[in-house]
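**Q** Provided below: entry_26.cif, containing mmCIF, C-alpha atoms.
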```
data_entry
loop_
_atom_site.label_atom_id
_atom_site.label_comp_id
_atom_site.auth_asym_id
_atom_site.auth_seq_id
_atom_site.Cartn_x
_atom_site.Cartn_y
_atom_site.Cartn_z
CA MET A 1 7.33 2.79 20.70
CA LYS A 2 7.47 -1.02 20.69
CA SER A 3 4.29 -1.16 18.58
CA LEU A 4 5.73 1.32 16.08
CA ILE A 5 8.90 -0.77 15.82
CA ALA A 6 6.76 -3.87 15.29
CA ALA A 7 4.87 -2.11 12.48
CA ILE A 8 8.13 -1.01 10.81
CA GLN A 9 9.54 -4.53 11.01
CA PHE A 10 6.31 -6.02 9.66
CA ILE A 11 6.05 -4.01 6.43
CA THR A 12 9.65 -2.91 5.78
CA ILE A 13 13.16 -4.30 5.95
CA LEU A 14 14.46 -1.29 7.91
CA PRO A 15 16.83 -2.44 10.70
CA VAL A 16 15.12 -1.01 13.79
CA GLY A 17 14.64 -2.48 17.24
CA LYS A 18 15.24 -6.04 18.35
CA PRO A 19 14.57 -8.70 15.71
CA GLY A 20 11.26 -10.52 16.01
CA THR A 21 9.25 -7.73 17.65
CA PHE A 22 5.61 -8.49 16.88
CA GLU A 23 2.53 -6.84 18.41
CA PRO A 24 -0.37 -7.54 16.03
CA LYS A 25 -3.05 -6.13 18.33
CA ARG A 26 -1.43 -2.71 18.58
CA MET A 27 0.84 -2.21 15.59
CA ALA A 28 -1.84 -1.81 12.87
CA GLN A 29 -2.63 1.73 14.00
CA PHE A 30 0.94 2.72 13.15
CA PHE A 31 0.80 1.59 9.51
CA PRO A 32 0.05 5.12 8.17
CA LEU A 33 2.97 6.47 10.22
CA VAL A 34 5.22 3.77 8.77
CA GLY A 35 3.98 4.93 5.37
CA ILE A 36 5.16 8.43 6.22
CA ILE A 37 8.58 7.07 7.18
CA ILE A 38 8.76 5.13 3.91
CA GLY A 39 7.69 8.24 2.02
CA LEU A 40 10.34 10.39 3.68
CA LEU A 41 13.02 7.89 2.70
CA VAL A 42 11.76 7.75 -0.89
CA SER A 43 11.57 11.55 -1.07
CA ALA A 44 15.13 11.94 0.25
CA PHE A 45 16.35 9.26 -2.15
CA ASP A 46 14.55 11.02 -5.00
CA MET A 47 16.22 14.34 -4.27
CA ALA A 48 19.61 12.62 -4.25
CA VAL A 49 19.22 10.70 -7.51
CA LEU A 50 17.78 13.74 -9.29
CA GLN A 51 21.22 15.32 -8.86
CA LEU A 52 22.70 12.56 -11.03
CA TRP A 53 20.03 11.47 -13.51
CA PRO A 54 17.06 12.96 -15.40
CA LYS A 55 13.58 12.64 -13.92
CA PRO A 56 12.50 9.45 -15.80
CA VAL A 57 15.59 7.57 -14.61
CA ALA A 58 15.33 8.95 -11.08
CA SER A 59 11.66 7.96 -10.96
CA LEU A 60 12.46 4.41 -12.02
CA LEU A 61 15.06 4.23 -9.26
CA ASP A 62 12.44 5.55 -6.82
CA VAL A 63 10.10 2.69 -7.72
CA ILE A 64 12.91 0.16 -7.25
CA PHE A 65 13.94 1.75 -3.96
CA LEU A 66 10.35 1.63 -2.70
CA ALA A 67 10.11 -2.07 -3.57
CA VAL A 68 13.44 -2.81 -1.90
CA ILE A 69 12.82 -1.07 1.44
CA THR A 70 9.44 -2.80 1.75
CA GLY A 71 10.97 -6.16 0.85
CA ALA A 72 8.47 -6.38 -2.05
CA PHE A 73 6.06 -7.48 0.70
CA HIS A 74 2.96 -5.90 -0.82
CA LEU A 75 4.00 -6.78 -4.36
CA ASP A 76 4.08 -10.44 -3.37
CA GLY A 77 0.53 -10.07 -2.04
CA LEU A 78 -0.53 -8.38 -5.26
CA ALA A 79 0.82 -11.24 -7.37
CA ASP A 80 -0.85 -13.90 -5.22
CA THR A 81 -4.15 -12.02 -5.14
CA ALA A 82 -4.22 -11.51 -8.91
CA ASP A 83 -3.53 -15.20 -9.49
CA GLY A 84 -6.31 -16.20 -7.11
CA LEU A 85 -9.05 -13.67 -7.81
CA LEU A 86 -8.74 -12.73 -11.48
CA GLY A 87 -10.65 -15.66 -12.86
CA HIS A 88 -13.87 -17.57 -12.29
CA ARG A 89 -12.64 -19.77 -9.46
CA ILE A 90 -14.75 -20.44 -6.41
CA LYS A 91 -13.67 -19.03 -3.03
CA GLU A 92 -11.89 -22.17 -1.82
CA ASP A 93 -9.86 -22.53 -5.02
CA ALA A 94 -8.95 -18.84 -5.03
CA LEU A 95 -7.68 -19.02 -1.44
CA THR A 96 -5.67 -22.15 -2.23
CA ILE A 97 -4.01 -20.51 -5.23
CA MET A 98 -3.13 -17.44 -3.17
CA LYS A 99 -1.20 -19.69 -0.76
CA ASP A 100 0.93 -21.05 -3.62
CA SER A 101 4.38 -19.43 -3.55
CA ARG A 102 4.68 -19.68 -7.33
CA ILE A 103 3.64 -16.72 -9.48
CA GLY A 104 1.26 -17.15 -12.40
CA VAL A 105 0.61 -15.10 -15.52
CA MET A 106 -2.08 -12.97 -13.87
CA GLY A 107 0.21 -12.19 -10.96
CA LEU A 108 3.10 -11.27 -13.21
CA VAL A 109 0.93 -8.99 -15.35
CA ALA A 110 -0.53 -7.29 -12.26
CA VAL A 111 2.91 -6.57 -10.78
CA VAL A 112 4.27 -5.23 -14.09
CA CYS A 113 1.23 -2.99 -14.58
CA VAL A 114 1.36 -1.56 -11.05
CA LEU A 115 5.10 -0.86 -11.25
CA ALA A 116 4.67 0.76 -14.66
CA ILE A 117 1.87 3.00 -13.40
CA LYS A 118 3.98 4.03 -10.40
CA TRP A 119 6.92 4.88 -12.64
CA VAL A 120 4.82 6.97 -15.03
CA GLY A 121 3.08 8.66 -12.13
CA ILE A 122 6.26 9.57 -10.25
CA ALA A 123 8.05 10.62 -13.45
CA SER A 124 5.22 13.05 -14.21
CA LEU A 125 5.22 14.68 -10.77
CA ASP A 126 6.40 18.25 -10.77
CA VAL A 127 4.66 20.58 -8.33
CA HIS A 128 4.73 19.25 -4.76
CA ARG A 129 6.77 16.25 -5.94
CA SER A 130 8.54 15.65 -2.61
CA LEU A 131 5.37 16.08 -0.56
CA LEU A 132 3.41 13.65 -2.72
CA LEU A 133 6.20 11.08 -2.41
CA VAL A 134 5.78 11.32 1.35
CA ILE A 135 2.01 11.19 1.75
CA ILE A 136 0.91 8.74 -0.96
CA PRO A 137 2.75 5.77 0.66
CA ALA A 138 1.04 6.76 3.93
CA TYR A 139 -2.42 6.70 2.36
CA ALA A 140 -1.69 3.34 0.73
CA ARG A 141 -0.61 1.69 3.98
CA GLY A 142 -3.44 3.38 5.86
CA SER A 143 -5.86 1.53 3.59
CA ILE A 144 -4.90 -1.69 5.40
CA LEU A 145 -6.85 -0.44 8.42
CA PHE A 146 -10.08 -0.38 6.42
CA GLY A 147 -9.55 -3.94 5.26
CA ILE A 148 -9.03 -5.10 8.83
CA ARG A 149 -12.00 -3.11 10.12
CA PHE A 150 -14.65 -3.95 7.53
CA LEU A 151 -13.94 -7.47 6.25
CA LYS A 152 -13.50 -10.75 8.04
CA TYR A 153 -10.30 -12.74 7.72
CA GLY A 154 -10.53 -15.53 5.17
CA ARG A 155 -8.11 -18.03 6.70
CA PRO A 156 -9.33 -19.12 10.15
CA GLU A 157 -6.62 -21.79 10.17
CA GLY A 158 -3.97 -19.06 10.16
CA GLY A 159 -1.97 -16.94 7.75
CA THR A 160 0.24 -13.87 7.41
CA GLY A 161 -2.46 -11.44 8.48
CA HIS A 162 -4.37 -13.69 10.89
CA ASP A 163 -3.20 -12.03 14.10
CA LEU A 164 -4.18 -8.57 12.84
CA PHE A 165 -7.82 -9.68 12.95
CA SER A 166 -7.75 -11.21 16.44
CA ASP A 167 -9.57 -8.16 17.87
CA SER A 168 -11.98 -5.73 16.24
CA LEU A 169 -10.15 -2.59 15.13
CA LYS A 170 -11.53 0.48 16.88
CA ILE A 171 -12.20 3.75 15.06
CA SER A 172 -9.59 5.41 17.29
CA ALA A 173 -6.95 3.24 15.61
CA PHE A 174 -7.35 5.32 12.45
CA TRP A 175 -5.61 8.33 14.00
CA GLY A 176 -2.53 7.80 11.83
CA LEU A 177 -4.46 8.72 8.70
CA LEU A 178 -4.85 12.24 10.08
CA ILE A 179 -1.18 12.83 9.22
CA PRO A 180 -1.43 12.46 5.41
CA VAL A 181 -4.83 14.19 5.47
CA ALA A 182 -3.33 17.19 7.31
CA LEU A 183 -0.35 17.29 4.93
CA SER A 184 -2.70 17.14 1.94
CA PHE A 185 -3.97 20.64 2.77
CA PHE A 186 -0.64 21.98 1.47
CA LEU A 187 -1.59 20.60 -1.97
CA GLY A 188 -4.60 22.88 -2.42
CA TRP A 189 -7.38 21.39 -4.56
CA ARG A 190 -5.12 18.43 -5.43
CA GLY A 191 -5.32 17.47 -1.76
CA VAL A 192 -9.11 17.30 -2.05
CA LEU A 193 -8.77 15.17 -5.18
CA LEU A 194 -6.29 12.89 -3.42
CA ASN A 195 -8.58 12.32 -0.44
CA LEU A 196 -11.65 11.68 -2.59
CA THR A 197 -9.71 9.27 -4.77
CA PHE A 198 -8.41 7.41 -1.72
CA ILE A 199 -11.91 7.01 -0.29
CA ILE A 200 -13.44 5.88 -3.59
CA ILE A 201 -10.73 3.38 -4.57
CA THR A 202 -10.54 1.90 -1.07
CA ALA A 203 -14.31 1.44 -1.01
CA LEU A 204 -14.38 -0.10 -4.49
CA ILE A 205 -11.63 -2.60 -3.66
CA LEU A 206 -13.31 -3.65 -0.41
CA LEU A 207 -16.66 -4.02 -2.19
CA TYR A 208 -14.99 -6.15 -4.87
CA TYR A 209 -13.37 -8.36 -2.23
CA LYS A 210 -16.67 -8.76 -0.39
CA LYS A 211 -18.59 -9.62 -3.56
CA ARG A 212 -15.86 -11.87 -4.94
CA ILE A 213 -15.12 -14.10 -1.92
CA GLY A 214 -16.68 -12.36 1.08
CA CYS A 215 -13.46 -11.99 3.06
CA ILE A 216 -9.89 -10.70 2.98
CA THR A 217 -6.41 -12.14 3.52
CA GLY A 218 -2.93 -10.75 4.12
CA ASP A 219 -2.19 -11.06 0.40
CA MET A 220 -5.31 -9.09 -0.43
CA LEU A 221 -4.31 -6.35 2.02
CA GLY A 222 -0.96 -6.13 0.23
CA ALA A 223 -2.66 -6.02 -3.16
CA MET A 224 -4.91 -3.19 -1.99
CA THR A 225 -1.89 -1.24 -0.79
CA GLU A 226 -0.12 -1.55 -4.14
CA VAL A 227 -3.18 -0.73 -6.25
CA ILE A 228 -4.08 2.32 -4.17
CA GLU A 229 -0.50 3.60 -4.20
CA SER A 230 -0.22 3.33 -7.98
CA MET A 231 -3.68 4.81 -8.63
CA LEU A 232 -3.07 7.80 -6.36
CA PHE A 233 0.08 8.66 -8.32
CA LEU A 234 -1.88 8.27 -11.55
CA ILE A 235 -4.85 10.39 -10.48
CA VAL A 236 -2.64 13.16 -9.11
CA ILE A 237 -0.89 13.63 -12.44
CA ALA A 238 -4.25 13.55 -14.23
CA GLY A 239 -5.37 16.37 -11.95
CA SER A 240 -2.17 18.29 -12.74
CA ALA A 241 -2.86 18.00 -16.47
CA LEU A 242 -6.24 19.68 -15.99
CA CYS A 243 -4.67 22.80 -14.51
#
```
Kindly transcribe the structure held in the file into structure tokens.
**A**
Amino acid sequence: MKSLIAAIQFITILPVGKPGTFEPKRMAQFFPLVGIIIGLLVSAFDMAVLQLWPKPVASLLDVIFLAVITGAFHLDGLADTADGLLGHRIKEDALTIMKDSRIGVMGLVAVVCVLAIKWVGIASLDVHRSLLLVIIPAYARGSILFGIRFLKYGRPEGGTGHDLFSDSLKISAFWGLLIPVALSFFLGWRGVLLNLTFIIITALILLYYKKRIGCITGDMLGAMTEVIESMLFLIVIAGSALC
């Protein structure tokens, strides 16, 4: 339970447990479960706001709510990563830029694009809307496990995600991803599409990171989370259109 509380405190602003709980060696395995908790809150919020506003407005509020309860933690990583990697800078310069607290043009554009895609994706959800709002955040946060498992940490001197890489992540730590996978069976063929998309996008991002600078940082984990979350919403509505 302490590790779950640590994971919730790490990637959300939800007031649970004693402040300052931090168990980097054990909390990573709970990230998909935290994604489920986030998704349940977003889904409940969505059902409430749909009673007051039309779907486009409710969906915009969902996106804002999702950013708020996560403290824009992953969005900050997305902005820093875009500023550092989207250019022709060498590894050292890219890592230095990602440590800069200021946001650049690339970072701003990346954040706006991701939020816009999420809004369009959520606004277009119809069938299985509530279920998709629950499981897509879980998939996105589960992707962090792959980054920790398959890439080395790029800041040996320390950083936000440094402690997560102190020990090699075992395959058994991926158990939390079984939850969204199991729930995806209720989506029919869209569940298959969702799982394939998750695997492909996660692999492509990790391959890009490896080719670009050969490592990963906490900011890059956050960027991966945001990109995967937005793309899953986008692909799901594309699949719906083909029905």
**Q** Nearest to Ser168 (chain A): which of A:Ile13, A:Leu193, A:Leu66, A:Ala28 is it, counting only C-alpha atoms?
**A**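 Nearest to Ser168 (chain A): A:Ala28.
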**Q** Taking 4 positions as the minimum chain separation for residues in the same chain, which residues sit within 12 Å of Asp76 (chain A) when counting only C-alpha atoms? Answer as a PyMOL selection string.
**A** chain A and resi 11+67+70-72+80-83+98-104+107-108+110-112+160+218-226
**Q** Which of these residues is nearest to Ser43 (chain A), using all atoms listed in the file: A:Arg129, A:Arg141, A:His88, A:Arg149?
**A** A:Arg129
**Q** Can you pull out every residue within 7 Å of Ile135 (chain A), counting all atoms listed in the file, but drop anything in the same chain fewer than 5 positions away, and send it as a compact mmCIF listing (two decimals) with C-alpha atoms, in the coordinates of the input?
**A**
```txt
# COMPACT_ATOMS: atom_id res chain seq x y z
CA ILE A 36 5.16 8.43 6.22
CA GLY A 39 7.69 8.24 2.02
CA PRO A 180 -1.43 12.46 5.41
```
**Q** For this file, the PyMOL selection byres ((chain A and resi 6) around 9) selects which residues, as a PyMOL selection string?
**A** chain A and resi 1-5+7-11+16-17+20-24+26-27
**Q** Tell me, as a PDB file with C-alpha atoms, keeping the file's coordinate frame, which residues lie within 9 Å of Leu151 (chain A), counting only C-alpha atoms; anything in the same chain fewer than 5 positions away does not count.
**A**
```
ATOM      1  CA  PHE A 146     -10.080  -0.380   6.420  1.00  0.00           C
ATOM      2  CA  LEU A 206     -13.310  -3.650  -0.410  1.00  0.00           C
ATOM      3  CA  TYR A 209     -13.370  -8.360  -2.230  1.00  0.00           C
ATOM      4  CA  LYS A 210     -16.670  -8.760  -0.390  1.00  0.00           C
ATOM      5  CA  GLY A 214     -16.680 -12.360   1.080  1.00  0.00           C
ATOM      6  CA  CYS A 215     -13.460 -11.990   3.060  1.00  0.00           C
ATOM      7  CA  ILE A 216      -9.890 -10.700   2.980  1.00  0.00           C
TER       8      ILE A 216
END
```
**Q** Counting only C-alpha atoms, which residue out of A:Thr12, A:Leu115, A:Lys25, A:Gly154 sits closest to Asp167 (chain A)?
**A**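 With only C-alpha atoms as the atom set, the closest residue is A:Lys25.
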**Q** Give me, as CSV, each residue of region 14-87 of chain A that comes within 9 Å of region 116-128 of chain A, together with its shortest interatomic pair and the distance in Å at one decimal, counting all atoms listed in the file, with rows ordered by chain and rising residue number.
**A**
```
residue,atom,partner,partner_atom,distance
A:Lys55,CA,A:Ala123,CA,5.9
A:Pro56,CA,A:Ala123,CA,5.2
A:Val57,CA,A:Ala123,CA,8.2
A:Ala58,CA,A:Ala123,CA,7.8
A:Ser59,CA,A:Ala123,CA,5.1
A:Leu60,CA,A:Trp119,CA,5.6
A:Leu61,CA,A:Trp119,CA,8.8
A:Asp62,CA,A:Trp119,CA,8.0
A:Val63,CA,A:Trp119,CA,6.3
```
**Q** Out of A:Val134, A:Ala173, A:Ala79, A:Leu85, which residue has the shortest atom-to-atom distance to Asp46 (chain A) when counting only C-alpha atoms?
**A**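 Closest candidate: A:Val134.
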**Q** Using all atoms listed in the file, which residues sit within 8 Å of Ser184 (chain A) once same-chain residues fewer than 4 positions away are excluded, as a PyMOL selection string?
**A** chain A and resi 135+180+188+190-192+194-195
**Q** Put the listed atoms of region 191-203 of chain A in a box along x, y and z with 3 Å added on every side and give me the centre and edge lengths in Å to one decimal, as AutoDock Vina command-line options.
**A**
```
--center_x -9.8 --center_y 9.5 --center_z -2.7 --size_x 15.0 --size_y 22.0 --size_z 10.9
```
**Q** As an exercise, work out the distance from CA of Ala48 (chain A) to CA of His74 (chain A) in Å and give it to one decimal place.
**A**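 Straight-line distance from CA of Ala48 (chain A) to CA of His74 (chain A) works out to 25.1 Å.
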**Q** I'd like the interatomic distance between CA of Ile205 (chain A) and CA of Ser143 (chain A), to a tenth of an Å.
**A** 10.1 Å
**Q** Run the PyMOL selection byres ((chain A and resi 235) around 10) on the file and write out the hits as a short mmCIF file (atom, residue, chain, number, x, y, z; two decimals) with C-alpha atoms, in the coordinates of the input.
**A**
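Output contents, as saved in expr_33.cif:
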```cif
data_model
loop_
_atom_site.label_atom_id
_atom_site.label_comp_id
_atom_site.auth_asym_id
_atom_site.auth_seq_id
_atom_site.Cartn_x
_atom_site.Cartn_y
_atom_site.Cartn_z
CA GLY A 121 3.08 8.66 -12.13
CA ARG A 190 -5.12 18.43 -5.43
CA LEU A 193 -8.77 15.17 -5.18
CA LEU A 194 -6.29 12.89 -3.42
CA THR A 197 -9.71 9.27 -4.77
CA PHE A 198 -8.41 7.41 -1.72
CA SER A 230 -0.22 3.33 -7.98
CA MET A 231 -3.68 4.81 -8.63
CA LEU A 232 -3.07 7.80 -6.36
CA PHE A 233 0.08 8.66 -8.32
CA LEU A 234 -1.88 8.27 -11.55
CA VAL A 236 -2.64 13.16 -9.11
CA ILE A 237 -0.89 13.63 -12.44
CA ALA A 238 -4.25 13.55 -14.23
CA GLY A 239 -5.37 16.37 -11.95
CA SER A 240 -2.17 18.29 -12.74
CA ALA A 241 -2.86 18.00 -16.47
#
```
